[in-house]
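As provided, data.cif (mmCIF, N, CA and C atoms) reads as follows.
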```
data_start
loop_
_atom_site.label_atom_id
_atom_site.label_comp_id
_atom_site.auth_asym_id
_atom_site.auth_seq_id
_atom_site.Cartn_x
_atom_site.Cartn_y
_atom_site.Cartn_z
N MET A 1 71.03 -12.86 -2.62
CA MET A 1 70.11 -12.66 -1.51
C MET A 1 70.86 -12.03 -0.34
N ARG A 2 70.26 -11.04 0.27
CA ARG A 2 70.87 -10.37 1.42
C ARG A 2 70.77 -11.24 2.65
N ASN A 3 71.81 -11.17 3.48
CA ASN A 3 71.74 -11.83 4.77
C ASN A 3 70.79 -11.06 5.66
N GLN A 4 69.97 -11.78 6.38
CA GLN A 4 69.04 -11.14 7.30
C GLN A 4 69.48 -11.45 8.72
N TYR A 5 69.59 -10.43 9.53
CA TYR A 5 69.96 -10.59 10.92
C TYR A 5 68.76 -10.24 11.79
N SER A 6 68.62 -10.94 12.87
CA SER A 6 67.48 -10.70 13.76
C SER A 6 67.63 -9.33 14.42
N ASP A 7 66.50 -8.78 14.82
CA ASP A 7 66.50 -7.50 15.53
C ASP A 7 67.32 -7.61 16.81
N GLN A 8 67.19 -8.74 17.48
CA GLN A 8 67.91 -8.96 18.74
C GLN A 8 69.42 -8.96 18.50
N PHE A 9 69.86 -9.61 17.43
CA PHE A 9 71.29 -9.64 17.11
C PHE A 9 71.80 -8.23 16.81
N LYS A 10 71.06 -7.47 16.01
CA LYS A 10 71.46 -6.11 15.69
C LYS A 10 71.59 -5.27 16.95
N LEU A 11 70.63 -5.41 17.85
CA LEU A 11 70.66 -4.66 19.10
C LEU A 11 71.87 -5.05 19.94
N GLN A 12 72.20 -6.32 19.97
CA GLN A 12 73.36 -6.79 20.70
C GLN A 12 74.65 -6.15 20.15
N VAL A 13 74.76 -6.11 18.83
CA VAL A 13 75.94 -5.52 18.20
C VAL A 13 76.02 -4.03 18.53
N VAL A 14 74.91 -3.33 18.37
CA VAL A 14 74.88 -1.89 18.64
C VAL A 14 75.21 -1.61 20.10
N GLN A 15 74.63 -2.38 21.01
CA GLN A 15 74.89 -2.14 22.42
C GLN A 15 76.35 -2.40 22.77
N GLN A 16 76.94 -3.42 22.18
CA GLN A 16 78.36 -3.68 22.46
C GLN A 16 79.21 -2.49 22.01
N TYR A 17 78.87 -1.93 20.86
CA TYR A 17 79.62 -0.77 20.37
C TYR A 17 79.40 0.43 21.29
N LEU A 18 78.15 0.72 21.63
CA LEU A 18 77.85 1.91 22.43
C LEU A 18 78.33 1.80 23.87
N ASP A 19 78.33 0.59 24.42
CA ASP A 19 78.71 0.39 25.82
C ASP A 19 80.21 0.22 26.03
N GLY A 20 80.94 -0.04 24.96
CA GLY A 20 82.35 -0.37 25.12
C GLY A 20 83.27 0.71 24.60
N ASP A 21 84.55 0.39 24.68
CA ASP A 21 85.58 1.30 24.19
C ASP A 21 86.08 0.91 22.81
N ALA A 22 85.57 -0.18 22.27
CA ALA A 22 86.02 -0.67 20.97
C ALA A 22 85.38 0.15 19.84
N GLY A 23 86.12 0.31 18.78
CA GLY A 23 85.61 1.02 17.61
C GLY A 23 84.72 0.14 16.75
N LEU A 24 84.18 0.75 15.73
CA LEU A 24 83.29 0.03 14.81
C LEU A 24 83.96 -1.19 14.19
N GLU A 25 85.20 -1.02 13.76
CA GLU A 25 85.88 -2.12 13.08
C GLU A 25 86.12 -3.30 14.01
N VAL A 26 86.45 -3.02 15.27
CA VAL A 26 86.70 -4.09 16.24
C VAL A 26 85.40 -4.85 16.53
N VAL A 27 84.32 -4.11 16.76
CA VAL A 27 83.02 -4.75 17.02
C VAL A 27 82.58 -5.55 15.80
N ALA A 28 82.72 -4.98 14.63
CA ALA A 28 82.33 -5.68 13.40
C ALA A 28 83.13 -6.97 13.25
N HIS A 29 84.43 -6.91 13.47
CA HIS A 29 85.27 -8.10 13.35
C HIS A 29 84.85 -9.16 14.36
N HIS A 30 84.54 -8.74 15.58
CA HIS A 30 84.11 -9.67 16.63
C HIS A 30 82.89 -10.47 16.20
N PHE A 31 81.96 -9.81 15.51
CA PHE A 31 80.72 -10.47 15.08
C PHE A 31 80.78 -10.99 13.65
N GLY A 32 81.91 -10.80 12.98
CA GLY A 32 82.05 -11.28 11.61
C GLY A 32 81.24 -10.46 10.62
N LEU A 33 81.16 -9.15 10.85
CA LEU A 33 80.38 -8.25 10.01
C LEU A 33 81.28 -7.22 9.35
N ASP A 34 80.78 -6.58 8.31
CA ASP A 34 81.46 -5.44 7.72
C ASP A 34 81.20 -4.23 8.60
N TYR A 35 82.23 -3.41 8.81
CA TYR A 35 82.06 -2.28 9.73
C TYR A 35 81.02 -1.28 9.23
N SER A 36 80.82 -1.19 7.92
CA SER A 36 79.83 -0.24 7.41
C SER A 36 78.41 -0.66 7.81
N MET A 37 78.18 -1.97 7.95
CA MET A 37 76.88 -2.45 8.40
C MET A 37 76.66 -2.06 9.86
N VAL A 38 77.69 -2.24 10.67
CA VAL A 38 77.58 -1.86 12.09
C VAL A 38 77.34 -0.36 12.20
N ARG A 39 78.06 0.42 11.40
CA ARG A 39 77.89 1.88 11.41
C ARG A 39 76.45 2.25 11.05
N ARG A 40 75.89 1.57 10.06
CA ARG A 40 74.51 1.85 9.65
C ARG A 40 73.53 1.51 10.77
N TRP A 41 73.73 0.35 11.41
CA TRP A 41 72.85 -0.04 12.51
C TRP A 41 72.93 0.95 13.67
N VAL A 42 74.14 1.40 13.98
CA VAL A 42 74.33 2.36 15.08
C VAL A 42 73.59 3.66 14.75
N GLU A 43 73.73 4.14 13.53
CA GLU A 43 73.05 5.38 13.13
C GLU A 43 71.53 5.22 13.16
N GLN A 44 71.04 4.08 12.70
CA GLN A 44 69.59 3.84 12.74
C GLN A 44 69.10 3.79 14.18
N TYR A 45 69.89 3.19 15.06
CA TYR A 45 69.53 3.12 16.48
C TYR A 45 69.54 4.50 17.10
N ARG A 46 70.54 5.30 16.79
CA ARG A 46 70.61 6.67 17.35
C ARG A 46 69.44 7.52 16.88
N GLN A 47 69.02 7.34 15.65
CA GLN A 47 67.93 8.14 15.10
C GLN A 47 66.56 7.68 15.60
N HIS A 48 66.37 6.36 15.75
CA HIS A 48 65.03 5.83 15.99
C HIS A 48 64.91 4.87 17.16
N GLY A 49 66.01 4.65 17.88
CA GLY A 49 65.97 3.68 18.98
C GLY A 49 65.85 2.27 18.43
N PRO A 50 65.43 1.33 19.28
CA PRO A 50 65.33 -0.06 18.85
C PRO A 50 64.45 -0.26 17.61
N ALA A 51 63.46 0.59 17.42
CA ALA A 51 62.59 0.47 16.24
C ALA A 51 63.37 0.64 14.94
N GLY A 52 64.48 1.36 14.99
CA GLY A 52 65.29 1.57 13.80
C GLY A 52 66.01 0.33 13.33
N LEU A 53 66.02 -0.70 14.18
CA LEU A 53 66.71 -1.94 13.82
C LEU A 53 65.77 -3.03 13.34
N ARG A 54 64.48 -2.76 13.31
CA ARG A 54 63.51 -3.77 12.90
C ARG A 54 63.69 -4.19 11.46
N GLN A 55 63.52 -5.48 11.24
CA GLN A 55 63.58 -6.00 9.87
C GLN A 55 62.33 -5.55 9.12
N THR A 56 62.56 -5.03 7.96
CA THR A 56 61.43 -4.64 7.13
C THR A 56 61.76 -4.94 5.67
N ARG A 57 60.76 -5.20 4.93
CA ARG A 57 60.90 -5.32 3.48
C ARG A 57 60.01 -4.24 2.89
N ARG A 58 60.65 -3.24 2.38
CA ARG A 58 59.91 -2.07 1.92
C ARG A 58 59.95 -1.98 0.40
N HIS A 59 58.85 -1.53 -0.13
CA HIS A 59 58.77 -1.25 -1.55
C HIS A 59 58.31 0.20 -1.67
N TYR A 60 59.13 1.03 -2.27
CA TYR A 60 58.85 2.46 -2.33
C TYR A 60 58.38 2.86 -3.72
N SER A 61 57.46 3.79 -3.76
CA SER A 61 56.95 4.29 -5.03
C SER A 61 57.99 5.19 -5.68
N PRO A 62 57.91 5.35 -6.98
CA PRO A 62 58.83 6.27 -7.66
C PRO A 62 58.72 7.70 -7.10
N ALA A 63 57.52 8.12 -6.72
CA ALA A 63 57.34 9.47 -6.17
C ALA A 63 58.08 9.62 -4.85
N PHE A 64 58.02 8.60 -4.00
CA PHE A 64 58.72 8.65 -2.72
C PHE A 64 60.23 8.70 -2.95
N LYS A 65 60.71 7.88 -3.87
CA LYS A 65 62.15 7.87 -4.17
C LYS A 65 62.61 9.24 -4.65
N ARG A 66 61.80 9.88 -5.48
CA ARG A 66 62.13 11.21 -5.98
C ARG A 66 62.18 12.22 -4.84
N GLU A 67 61.22 12.13 -3.90
CA GLU A 67 61.22 13.02 -2.74
C GLU A 67 62.49 12.85 -1.91
N VAL A 68 62.91 11.61 -1.73
CA VAL A 68 64.12 11.34 -0.96
C VAL A 68 65.33 11.97 -1.65
N LEU A 69 65.45 11.77 -2.95
CA LEU A 69 66.57 12.35 -3.69
C LEU A 69 66.56 13.87 -3.62
N GLU A 70 65.38 14.47 -3.75
CA GLU A 70 65.30 15.92 -3.68
C GLU A 70 65.71 16.44 -2.31
N ARG A 71 65.33 15.72 -1.25
CA ARG A 71 65.73 16.14 0.09
C ARG A 71 67.23 15.99 0.28
N MET A 72 67.79 14.91 -0.26
CA MET A 72 69.23 14.72 -0.18
C MET A 72 69.96 15.89 -0.83
N TRP A 73 69.53 16.27 -2.01
CA TRP A 73 70.17 17.37 -2.73
C TRP A 73 69.96 18.69 -2.00
N ARG A 74 68.74 18.95 -1.56
CA ARG A 74 68.39 20.21 -0.91
C ARG A 74 69.14 20.38 0.41
N ASP A 75 69.19 19.30 1.21
CA ASP A 75 69.78 19.39 2.55
C ASP A 75 71.23 18.91 2.61
N GLY A 76 71.77 18.48 1.48
CA GLY A 76 73.15 18.03 1.44
C GLY A 76 73.37 16.75 2.25
N LEU A 77 72.40 15.84 2.22
CA LEU A 77 72.47 14.61 3.02
C LEU A 77 73.24 13.52 2.26
N SER A 78 73.94 12.71 3.02
CA SER A 78 74.56 11.53 2.43
C SER A 78 73.51 10.44 2.31
N ILE A 79 73.85 9.38 1.61
CA ILE A 79 72.92 8.25 1.49
C ILE A 79 72.60 7.68 2.86
N ARG A 80 73.63 7.54 3.69
CA ARG A 80 73.41 6.98 5.04
C ARG A 80 72.53 7.88 5.89
N GLN A 81 72.71 9.19 5.79
CA GLN A 81 71.86 10.12 6.55
C GLN A 81 70.41 10.02 6.08
N ALA A 82 70.21 9.96 4.77
CA ALA A 82 68.86 9.85 4.24
C ALA A 82 68.24 8.52 4.65
N GLU A 83 69.00 7.45 4.62
CA GLU A 83 68.52 6.15 5.02
C GLU A 83 68.09 6.16 6.47
N ALA A 84 68.87 6.80 7.32
CA ALA A 84 68.54 6.83 8.76
C ALA A 84 67.25 7.60 9.00
N LEU A 85 67.01 8.64 8.21
CA LEU A 85 65.78 9.43 8.37
C LEU A 85 64.58 8.66 7.87
#
```
Target format structure tokens, applied to this file:
Amino acid sequence: MRNQYSDQFKLQVVQQYLDGDAGLEVVAHHFGLDYSMVRRWVEQYRQHGPAGLRQTRRHYSPAFKREVLERMWRDGLSIRQAEAL
């Protein structure tokens, strides 16, 4: 089971990173998180603002998944870039 963090907690982590001089790894260590999770939250926040940090449980259709993969290949997107979009 995945750990679920509140929207407020995610925002606090992102704001500490954006407002400070510490890098991702330092902020992640401070909160006891993996730096890749903090990086993902920061990217989601940059792309969508606070709404990008909302907890959601999504179920995607096979057609939607195929569209995402095709866009990744067409536009040369990484998984993280596609996720943020």
For the structure shown, which residues end up in the PyMOL selection byres ((chain A and resi 39-41) around 8)? Put them as a PDB file with N, CA and C atoms, in the frame of the given file, please?
```pdb
ATOM      1  N   LYS A  10      71.060  -7.470  16.010  1.00  0.00           N
ATOM      2  CA  LYS A  10      71.460  -6.110  15.690  1.00  0.00           C
ATOM      3  C   LYS A  10      71.590  -5.270  16.950  1.00  0.00           C
ATOM      4  N   LEU A  11      70.630  -5.410  17.850  1.00  0.00           N
ATOM      5  CA  LEU A  11      70.660  -4.660  19.100  1.00  0.00           C
ATOM      6  C   LEU A  11      71.870  -5.050  19.940  1.00  0.00           C
ATOM      7  N   VAL A  13      74.760  -6.110  18.830  1.00  0.00           N
ATOM      8  CA  VAL A  13      75.940  -5.520  18.200  1.00  0.00           C
ATOM      9  C   VAL A  13      76.020  -4.030  18.530  1.00  0.00           C
ATOM     10  N   VAL A  14      74.910  -3.330  18.370  1.00  0.00           N
ATOM     11  CA  VAL A  14      74.880  -1.890  18.640  1.00  0.00           C
ATOM     12  C   VAL A  14      75.210  -1.610  20.100  1.00  0.00           C
ATOM     13  N   LEU A  24      84.180   0.750  15.730  1.00  0.00           N
ATOM     14  CA  LEU A  24      83.290   0.030  14.810  1.00  0.00           C
ATOM     15  C   LEU A  24      83.960  -1.190  14.190  1.00  0.00           C
ATOM     16  N   GLU A  25      85.200  -1.020  13.760  1.00  0.00           N
ATOM     17  CA  GLU A  25      85.880  -2.120  13.080  1.00  0.00           C
ATOM     18  C   GLU A  25      86.120  -3.300  14.010  1.00  0.00           C
ATOM     19  N   ALA A  28      82.720  -4.980  14.630  1.00  0.00           N
ATOM     20  CA  ALA A  28      82.330  -5.680  13.400  1.00  0.00           C
ATOM     21  C   ALA A  28      83.130  -6.970  13.250  1.00  0.00           C
ATOM     22  N   ASP A  34      80.780  -6.580   8.310  1.00  0.00           N
ATOM     23  CA  ASP A  34      81.460  -5.440   7.720  1.00  0.00           C
ATOM     24  C   ASP A  34      81.200  -4.230   8.600  1.00  0.00           C
ATOM     25  N   TYR A  35      82.230  -3.410   8.810  1.00  0.00           N
ATOM     26  CA  TYR A  35      82.060  -2.280   9.730  1.00  0.00           C
ATOM     27  C   TYR A  35      81.020  -1.280   9.230  1.00  0.00           C
ATOM     28  N   SER A  36      80.820  -1.190   7.920  1.00  0.00           N
ATOM     29  CA  SER A  36      79.830  -0.240   7.410  1.00  0.00           C
ATOM     30  C   SER A  36      78.410  -0.660   7.810  1.00  0.00           C
ATOM     31  N   MET A  37      78.180  -1.970   7.950  1.00  0.00           N
ATOM     32  CA  MET A  37      76.880  -2.450   8.400  1.00  0.00           C
ATOM     33  C   MET A  37      76.660  -2.060   9.860  1.00  0.00           C
ATOM     34  N   VAL A  38      77.690  -2.240  10.670  1.00  0.00           N
ATOM     35  CA  VAL A  38      77.580  -1.860  12.090  1.00  0.00           C
ATOM     36  C   VAL A  38      77.340  -0.360  12.200  1.00  0.00           C
ATOM     37  N   VAL A  42      74.140   1.400  13.980  1.00  0.00           N
ATOM     38  CA  VAL A  42      74.330   2.360  15.080  1.00  0.00           C
ATOM     39  C   VAL A  42      73.590   3.660  14.750  1.00  0.00           C
ATOM     40  N   GLU A  43      73.730   4.140  13.530  1.00  0.00           N
ATOM     41  CA  GLU A  43      73.050   5.380  13.130  1.00  0.00           C
ATOM     42  C   GLU A  43      71.530   5.220  13.160  1.00  0.00           C
ATOM     43  N   GLN A  44      71.040   4.080  12.700  1.00  0.00           N
ATOM     44  CA  GLN A  44      69.590   3.840  12.740  1.00  0.00           C
ATOM     45  C   GLN A  44      69.100   3.790  14.180  1.00  0.00           C
ATOM     46  N   TYR A  45      69.890   3.190  15.060  1.00  0.00           N
ATOM     47  CA  TYR A  45      69.530   3.120  16.480  1.00  0.00           C
ATOM     48  C   TYR A  45      69.540   4.500  17.100  1.00  0.00           C
ATOM     49  N   ARG A  46      70.540   5.300  16.790  1.00  0.00           N
ATOM     50  CA  ARG A  46      70.610   6.670  17.350  1.00  0.00           C
ATOM     51  C   ARG A  46      69.440   7.520  16.880  1.00  0.00           C
ATOM     52  N   GLN A  47      69.020   7.340  15.650  1.00  0.00           N
ATOM     53  CA  GLN A  47      67.930   8.140  15.100  1.00  0.00           C
ATOM     54  C   GLN A  47      66.560   7.680  15.600  1.00  0.00           C
ATOM     55  N   GLY A  52      64.480   1.360  14.990  1.00  0.00           N
ATOM     56  CA  GLY A  52      65.290   1.570  13.800  1.00  0.00           C
ATOM     57  C   GLY A  52      66.010   0.330  13.330  1.00  0.00           C
ATOM     58  N   LEU A  53      66.020  -0.700  14.180  1.00  0.00           N
ATOM     59  CA  LEU A  53      66.710  -1.940  13.820  1.00  0.00           C
ATOM     60  C   LEU A  53      65.770  -3.030  13.340  1.00  0.00           C
ATOM     61  N   ARG A  80      73.630   7.540   3.690  1.00  0.00           N
ATOM     62  CA  ARG A  80      73.410   6.980   5.040  1.00  0.00           C
ATOM     63  C   ARG A  80      72.530   7.880   5.890  1.00  0.00           C
ATOM     64  N   ALA A  84      68.870   6.800   7.320  1.00  0.00           N
ATOM     65  CA  ALA A  84      68.540   6.830   8.760  1.00  0.00           C
ATOM     66  C   ALA A  84      67.250   7.600   9.000  1.00  0.00           C
TER      67      ALA A  84
END
```
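The space between atom C of Tyr5 in chain A and CA of Arg54 in chain A spans 8.4 Å.
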| request: Calculate how many Å separate CA of Asp75 in chain A from CA of Gly23 in chain A, rounding to one decimal. | output: 28.5 Å
| said: I'd like the contact shell of range 62-69 of chain A - 12 Å cut-off, only C-alpha atoms, skipping same-chain residues fewer than 2 positions apart - returned as JSON, numbers by chain. | reply: {"A": [58, 59, 60, 71, 72, 73, 74, 75, 76, 77, 78, 79, 80, 81, 82, 83, 84, 85]}
| message | DSSP on the backbone: which residues in chain A end up as alpha helix (DSSP H)? Give the answer as a PyMOL selection string. | response | chain A and resi 7-19+24-31+35-48+62-75+79-84
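Straight-line separation from atom N of Ser61 in chain A to atom N of Gln8 in chain A: 26.5 Å.
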Would you compute the box with edges along x, y and z of the file around range 73-76 of chain A, including every atom the file lists for it and 8 Å extra on each side, and give its centre and edge lengths in Å to one decimal, as AutoDock Vina command-line options?
```
--center_x 70.9 --center_y 18.3 --center_z -0.1 --size_x 21.0 --size_y 20.1 --size_z 21.3
```
